[in-house]
>>> print(open('structure-v1.pdb').read())   # PDB, C-alpha atoms
ATOM      1  CA  MET A 355    -131.944  -5.838 -18.047  1.00  0.00           C
ATOM      2  CA  ASN A 356    -132.416  -3.022 -20.449  1.00  0.00           C
ATOM      3  CA  ALA A 357    -131.481  -2.836 -24.126  1.00  0.00           C
ATOM      4  CA  THR A 358    -128.395  -0.702 -23.472  1.00  0.00           C
ATOM      5  CA  SER A 359    -127.008  -3.260 -21.043  1.00  0.00           C
ATOM      6  CA  GLN A 360    -127.578  -6.114 -23.500  1.00  0.00           C
ATOM      7  CA  ALA A 361    -125.916  -4.166 -26.325  1.00  0.00           C
ATOM      8  CA  HIS A 362    -122.941  -3.413 -24.089  1.00  0.00           C
ATOM      9  CA  ARG A 363    -122.651  -7.129 -23.184  1.00  0.00           C
ATOM     10  CA  GLY A 364    -122.833  -8.120 -26.874  1.00  0.00           C
ATOM     11  CA  SER A 365    -120.108  -5.613 -27.688  1.00  0.00           C
ATOM     12  CA  ARG A 366    -117.908  -7.131 -24.960  1.00  0.00           C
ATOM     13  CA  LEU A 367    -118.495 -10.625 -26.300  1.00  0.00           C
ATOM     14  CA  ARG A 368    -117.558  -9.570 -29.813  1.00  0.00           C
ATOM     15  CA  MET A 369    -114.432  -7.829 -28.508  1.00  0.00           C
ATOM     16  CA  ALA A 370    -113.460 -10.905 -26.471  1.00  0.00           C
ATOM     17  CA  GLY A 371    -114.062 -13.134 -29.498  1.00  0.00           C
ATOM     18  CA  GLY A 372    -111.963 -10.841 -31.691  1.00  0.00           C
ATOM     19  CA  LEU A 373    -109.181 -10.735 -29.112  1.00  0.00           C
ATOM     20  CA  THR A 374    -109.235 -14.531 -28.856  1.00  0.00           C
ATOM     21  CA  GLY A 375    -108.958 -14.790 -32.634  1.00  0.00           C
ATOM     22  CA  VAL A 376    -106.020 -12.397 -32.718  1.00  0.00           C
ATOM     23  CA  LEU A 377    -104.279 -14.352 -29.949  1.00  0.00           C
ATOM     24  CA  LEU A 378    -104.824 -17.617 -31.815  1.00  0.00           C
ATOM     25  CA  LEU A 379    -103.372 -16.130 -34.995  1.00  0.00           C
ATOM     26  CA  ALA A 380    -100.394 -14.774 -33.067  1.00  0.00           C
ATOM     27  CA  ALA A 381     -99.806 -18.190 -31.517  1.00  0.00           C
ATOM     28  CA  CYS A 382     -99.854 -19.813 -34.943  1.00  0.00           C
ATOM     29  CA  ALA A 383     -97.482 -17.207 -36.341  1.00  0.00           C
ATOM     30  CA  SER A 384     -94.984 -17.494 -33.500  1.00  0.00           C
ATOM     31  CA  THR A 385     -91.350 -18.165 -34.268  1.00  0.00           C
ATOM     32  CA  PRO A 386     -90.654 -21.828 -34.994  1.00  0.00           C
ATOM     33  CA  PRO A 387     -88.012 -23.533 -32.881  1.00  0.00           C
ATOM     34  CA  ALA A 388     -84.364 -23.228 -33.810  1.00  0.00           C
ATOM     35  CA  PRO A 389     -83.200 -25.873 -36.308  1.00  0.00           C
ATOM     36  CA  THR A 390     -80.805 -27.320 -33.741  1.00  0.00           C
ATOM     37  CA  ALA A 391     -80.437 -30.720 -35.406  1.00  0.00           C
ATOM     38  CA  ARG A 392     -79.629 -29.171 -38.785  1.00  0.00           C
ATOM     39  CA  LEU A 393     -77.132 -26.784 -37.213  1.00  0.00           C
ATOM     40  CA  GLN A 394     -75.414 -29.684 -35.446  1.00  0.00           C
ATOM     41  CA  ALA A 395     -75.406 -31.725 -38.656  1.00  0.00           C
ATOM     42  CA  ALA A 396     -73.759 -28.834 -40.499  1.00  0.00           C
ATOM     43  CA  GLN A 397     -71.097 -28.480 -37.804  1.00  0.00           C
ATOM     44  CA  LEU A 398     -70.435 -32.231 -37.931  1.00  0.00           C
ATOM     45  CA  ALA A 399     -70.158 -32.144 -41.734  1.00  0.00           C
ATOM     46  CA  ILE A 400     -67.642 -29.296 -41.488  1.00  0.00           C
ATOM     47  CA  SER A 401     -65.629 -31.213 -38.873  1.00  0.00           C
ATOM     48  CA  ASN A 402     -65.621 -34.287 -41.112  1.00  0.00           C
ATOM     49  CA  ALA A 403     -64.464 -32.187 -44.066  1.00  0.00           C
ATOM     50  CA  GLU A 404     -61.652 -30.728 -41.993  1.00  0.00           C
ATOM     51  CA  ARG A 405     -60.518 -34.225 -40.983  1.00  0.00           C
ATOM     52  CA  ALA A 406     -60.567 -35.203 -44.671  1.00  0.00           C
ATOM     53  CA  ASP A 407     -58.099 -32.374 -45.449  1.00  0.00           C
ATOM     54  CA  ALA A 408     -60.706 -30.346 -47.313  1.00  0.00           C
ATOM     55  CA  GLY A 409     -58.879 -27.222 -46.196  1.00  0.00           C
ATOM     56  CA  ARG A 410     -56.020 -28.338 -48.433  1.00  0.00           C
ATOM     57  CA  TYR A 411     -57.897 -29.992 -51.304  1.00  0.00           C
ATOM     58  CA  ALA A 412     -61.218 -28.088 -51.408  1.00  0.00           C
ATOM     59  CA  PRO A 413     -60.700 -24.793 -49.562  1.00  0.00           C
ATOM     60  CA  GLY A 414     -63.391 -22.897 -51.473  1.00  0.00           C
ATOM     61  CA  GLU A 415     -66.143 -25.347 -50.624  1.00  0.00           C
ATOM     62  CA  LEU A 416     -65.041 -25.607 -46.995  1.00  0.00           C
ATOM     63  CA  SER A 417     -64.981 -21.825 -46.686  1.00  0.00           C
ATOM     64  CA  GLU A 418     -68.462 -21.629 -48.200  1.00  0.00           C
ATOM     65  CA  ALA A 419     -69.718 -24.223 -45.709  1.00  0.00           C
ATOM     66  CA  ARG A 420     -68.337 -22.187 -42.810  1.00  0.00           C
ATOM     67  CA  GLU A 421     -69.897 -18.981 -44.160  1.00  0.00           C
ATOM     68  CA  LYS A 422     -73.289 -20.643 -44.544  1.00  0.00           C
ATOM     69  CA  LEU A 423     -73.098 -21.955 -40.971  1.00  0.00           C
ATOM     70  CA  ALA A 424     -72.238 -18.457 -39.724  1.00  0.00           C
ATOM     71  CA  SER A 425     -75.237 -17.116 -41.664  1.00  0.00           C
ATOM     72  CA  ALA A 426     -77.421 -19.780 -40.056  1.00  0.00           C
ATOM     73  CA  ASP A 427     -76.232 -18.743 -36.591  1.00  0.00           C
ATOM     74  CA  THR A 428     -76.981 -15.106 -37.403  1.00  0.00           C
ATOM     75  CA  ALA A 429     -80.444 -16.029 -38.653  1.00  0.00           C
ATOM     76  CA  VAL A 430     -81.138 -17.871 -35.388  1.00  0.00           C
ATOM     77  CA  LYS A 431     -80.140 -14.769 -33.423  1.00  0.00           C
ATOM     78  CA  ASP A 432     -82.482 -12.731 -35.627  1.00  0.00           C
ATOM     79  CA  GLN A 433     -85.311 -15.215 -34.955  1.00  0.00           C
ATOM     80  CA  ARG A 434     -85.461 -16.207 -38.646  1.00  0.00           C
ATOM     81  CA  MET A 435     -85.600 -19.943 -38.057  1.00  0.00           C
ATOM     82  CA  ILE A 436     -86.734 -21.030 -41.514  1.00  0.00           C
ATOM     83  CA  LEU A 437     -83.862 -19.111 -43.094  1.00  0.00           C
ATOM     84  CA  ALA A 438     -81.497 -20.532 -40.460  1.00  0.00           C
ATOM     85  CA  GLY A 439     -82.570 -24.058 -41.377  1.00  0.00           C
ATOM     86  CA  ARG A 440     -82.002 -23.356 -45.060  1.00  0.00           C
ATOM     87  CA  TYR A 441     -78.506 -21.984 -44.403  1.00  0.00           C
ATOM     88  CA  ALA A 442     -77.688 -24.973 -42.195  1.00  0.00           C
ATOM     89  CA  GLU A 443     -78.742 -27.364 -44.970  1.00  0.00           C
ATOM     90  CA  GLU A 444     -76.647 -25.470 -47.513  1.00  0.00           C
ATOM     91  CA  SER A 445     -73.698 -25.556 -45.121  1.00  0.00           C
ATOM     92  CA  SER A 446     -73.984 -29.338 -44.798  1.00  0.00           C
ATOM     93  CA  VAL A 447     -74.121 -29.770 -48.565  1.00  0.00           C
ATOM     94  CA  GLU A 448     -71.055 -27.565 -49.111  1.00  0.00           C
ATOM     95  CA  ALA A 449     -69.116 -29.417 -46.399  1.00  0.00           C
ATOM     96  CA  GLU A 450     -70.043 -32.786 -47.906  1.00  0.00           C
ATOM     97  CA  LEU A 451     -68.953 -31.528 -51.325  1.00  0.00           C
ATOM     98  CA  ALA A 452     -65.641 -30.424 -49.826  1.00  0.00           C
ATOM     99  CA  SER A 453     -65.178 -33.884 -48.301  1.00  0.00           C
ATOM    100  CA  ALA A 454     -65.988 -35.556 -51.602  1.00  0.00           C
ATOM    101  CA  LYS A 455     -63.554 -33.338 -53.525  1.00  0.00           C
ATOM    102  CA  ALA A 456     -60.807 -34.025 -50.994  1.00  0.00           C
ATOM    103  CA  ALA A 457     -61.420 -37.772 -51.254  1.00  0.00           C
ATOM    104  CA  ASP A 458     -61.380 -37.522 -55.061  1.00  0.00           C
ATOM    105  CA  VAL A 459     -58.046 -35.694 -55.127  1.00  0.00           C
ATOM    106  CA  LYS A 460     -56.539 -38.203 -52.698  1.00  0.00           C
ATOM    107  CA  ALA A 461     -57.844 -41.152 -54.723  1.00  0.00           C
ATOM    108  CA  LYS A 462     -56.403 -39.689 -57.919  1.00  0.00           C
ATOM    109  CA  ALA A 463     -53.037 -39.256 -56.211  1.00  0.00           C
ATOM    110  CA  VAL A 464     -53.075 -42.905 -55.106  1.00  0.00           C
ATOM    111  CA  ASN A 465     -54.094 -43.976 -58.597  1.00  0.00           C
ATOM    112  CA  ASP A 466     -51.286 -41.935 -60.160  1.00  0.00           C
ATOM    113  CA  GLU A 467     -48.751 -43.464 -57.770  1.00  0.00           C
ATOM    114  CA  MET A 468     -49.982 -46.977 -58.542  1.00  0.00           C
ATOM    115  CA  THR A 469     -49.747 -46.246 -62.273  1.00  0.00           C
ATOM    116  CA  ARG A 470     -46.147 -45.059 -61.876  1.00  0.00           C
ATOM    117  CA  SER A 471     -45.272 -48.113 -59.762  1.00  0.00           C
ATOM    118  CA  THR A 472     -46.825 -50.436 -62.311  1.00  0.00           C
ATOM    119  CA  ALA A 473     -44.907 -48.752 -65.129  1.00  0.00           C
ATOM    120  CA  THR A 474     -41.678 -49.131 -63.161  1.00  0.00           C
ATOM    121  CA  LEU A 475     -42.373 -52.814 -62.563  1.00  0.00           C
ATOM    122  CA  VAL A 476     -43.109 -53.376 -66.249  1.00  0.00           C
ATOM    123  CA  GLU A 477     -39.831 -51.680 -67.189  1.00  0.00           C
ATOM    124  CA  GLU A 478     -37.943 -53.823 -64.693  1.00  0.00           C
ATOM    125  CA  LEU A 479     -39.570 -56.986 -66.036  1.00  0.00           C
ATOM    126  CA  GLN A 480     -38.727 -56.008 -69.596  1.00  0.00           C
ATOM    127  CA  ARG A 481     -35.150 -55.208 -68.652  1.00  0.00           C
ATOM    128  CA  SER A 482     -34.863 -58.420 -66.666  1.00  0.00           C
ATOM    129  CA  SER A 483     -36.240 -60.584 -69.468  1.00  0.00           C
ATOM    130  CA  GLY A 484     -34.007 -58.797 -72.013  1.00  0.00           C
ATOM    131  CA  GLU A 485     -30.883 -59.595 -70.005  1.00  0.00           C
ATOM    132  CA  LYS A 486     -31.677 -63.304 -69.957  1.00  0.00           C
ATOM    133  CA  ARG A 487     -31.673 -63.597 -73.730  1.00  0.00           C
TER     134      ARG A 487
END
>>> encode(input="structure-v1.pdb", output="structure tokens")
Amino acid sequence: MNATSQAHRGSRLRMAGGLTGVLLLAACASTPPAPTARLQAAQLAISNAERADAGRYAPGELSEAREKLASADTAVKDQRMILAGRYAEESSVEAELASAKAADVKAKAVNDEMTRSTATLVEELQRSSGEKR
């Protein structure tokens, strides 16, 4: 083998090594998988909020949860999986907040009704005990 042939072979080896390195970097930088579990969790949280009447008692938060989920779906379509996961998490949090606000409003309504009922009972007792005198 002559020197030119050896130099040509060395050049090929360096090119193959460089190409292998580029392929390895590309494999590492490939798109991560879709955040399917987080997207499903967000959808479940929205469904739970809807069942808790969040549309009536916390419409802003429920709307925000739906918008964040739509943004997550768009990010998945655009192959922006990290952003999609972030939007899905935010959607879940907004939906849970909507559920909590709805539960709070309902609990306050029950508390108010119990307070009124108690006041009525106290009045009746006072009236009843006043008549016996």
>>> residues_around(input="structure-v1.pdb", residues="Val430 (chain A)", least_positions_apart="2", cutoff="10 Å", atoms="only C-alpha atoms", output="PyMOL selection string")
chain A and resi 387-390+393+424-428+432-439
>>> closest_residue(input="structure-v1.pdb", among="A:Leu475, A:Ala399, A:Leu423, A:Ala406", to="Asp458 (chain A)", atoms="all atoms listed in the file")
A:Ala406
>>> resolve_selection(input="structure-v1.pdb", expression="the PyMOL selection byres ((chain A and resi 447) around 12)", output="list in words")
Arg392, Ala395, Ala396, Gln397, Leu398, Ala399, Ile400, Ala403, Glu415, Leu416, Glu418, Ala419, Arg420, Lys422, Leu423, Arg440, Tyr441, Ala442, Glu443, Glu444, Ser445, Ser446, Glu448, Ala449, Glu450, Leu451, Ala452, Ser453 and Ala454 of chain A
>>> residues_around(input="structure-v1.pdb", residues="region 409-411 of chain A", least_positions_apart="4", cutoff="7 Å", atoms="only C-alpha atoms", output="VMD selection string")
chain A and resid 404 416 455 to 456 459
>>> atom_distance(input="structure-v1.pdb", atom1="CA of Ala408 (chain A)", atom2="CA of Lys462 (chain A)")
14.8 Å
>>> atom_distance(input="structure-v1.pdb", atom1="CA of Arg405 (chain A)", atom2="CA of Lys460 (chain A)")
13.0 Å
>>> closest_residue(input="structure-v1.pdb", among="A:Met369, A:Ala463, A:Gly484, A:Ala457", to="Ala412 (chain A)", atoms="only C-alpha atoms")
A:Ala457
>>> atom_distance(input="structure-v1.pdb", atom1="CA of Thr469 (chain A)", atom2="CA of Arg481 (chain A)")
18.3 Å
>>> decode(input="structure-v1.pdb", residues="region 387-408 of chain A", atoms="N, CA and C atoms", output="short mmCIF file (atom, residue, chain, number, x, y, z; two decimals), in the first residue's frame")
data_model
loop_
_atom_site.label_atom_id
_atom_site.label_comp_id
_atom_site.auth_asym_id
_atom_site.auth_seq_id
_atom_site.Cartn_x
_atom_site.Cartn_y
_atom_site.Cartn_z
N PRO A 387 -41.07 11.27 23.65
CA PRO A 387 -42.42 10.76 23.40
C PRO A 387 -43.48 11.74 23.91
N ALA A 388 -44.66 11.61 23.34
CA ALA A 388 -45.78 12.46 23.75
C ALA A 388 -46.11 12.21 25.22
N PRO A 389 -46.47 13.25 25.95
CA PRO A 389 -46.80 13.10 27.37
C PRO A 389 -48.23 12.56 27.54
N THR A 390 -48.44 11.37 27.04
CA THR A 390 -49.78 10.78 26.99
C THR A 390 -50.43 10.71 28.37
N ALA A 391 -49.70 10.28 29.36
CA ALA A 391 -50.27 10.14 30.71
C ALA A 391 -50.71 11.50 31.26
N ARG A 392 -49.90 12.52 31.03
CA ARG A 392 -50.25 13.86 31.53
C ARG A 392 -51.44 14.43 30.77
N LEU A 393 -51.52 14.14 29.47
CA LEU A 393 -52.67 14.60 28.69
C LEU A 393 -53.95 13.92 29.18
N GLN A 394 -53.86 12.62 29.45
CA GLN A 394 -55.03 11.90 29.95
C GLN A 394 -55.43 12.38 31.34
N ALA A 395 -54.44 12.68 32.17
CA ALA A 395 -54.72 13.18 33.51
C ALA A 395 -55.42 14.54 33.43
N ALA A 396 -55.00 15.38 32.51
CA ALA A 396 -55.63 16.68 32.34
C ALA A 396 -57.07 16.52 31.88
N GLN A 397 -57.30 15.62 30.94
CA GLN A 397 -58.66 15.39 30.45
C GLN A 397 -59.55 14.85 31.57
N LEU A 398 -59.01 13.96 32.38
CA LEU A 398 -59.77 13.42 33.52
C LEU A 398 -60.08 14.51 34.53
N ALA A 399 -59.12 15.38 34.80
CA ALA A 399 -59.34 16.48 35.75
C ALA A 399 -60.42 17.43 35.23
N ILE A 400 -60.43 17.67 33.93
CA ILE A 400 -61.47 18.53 33.35
C ILE A 400 -62.83 17.84 33.47
N SER A 401 -62.89 16.56 33.18
CA SER A 401 -64.15 15.81 33.31
C SER A 401 -64.67 15.85 34.75
N ASN A 402 -63.76 15.67 35.70
CA ASN A 402 -64.15 15.73 37.12
C ASN A 402 -64.67 17.12 37.48
N ALA A 403 -64.04 18.15 36.96
CA ALA A 403 -64.48 19.52 37.24
C ALA A 403 -65.86 19.77 36.64
N GLU A 404 -66.09 19.24 35.46
CA GLU A 404 -67.41 19.40 34.84
C GLU A 404 -68.49 18.71 35.67
N ARG A 405 -68.18 17.52 36.18
CA ARG A 405 -69.14 16.80 37.03
C ARG A 405 -69.39 17.53 38.34
N ALA A 406 -68.42 18.32 38.78
CA ALA A 406 -68.55 19.07 40.04
C ALA A 406 -69.23 20.43 39.81
N ASP A 407 -69.78 20.64 38.62
CA ASP A 407 -70.46 21.89 38.27
C ASP A 407 -69.51 23.09 38.23
N ALA A 408 -68.27 22.85 37.87
CA ALA A 408 -67.32 23.96 37.77
C ALA A 408 -67.72 24.94 36.66
#
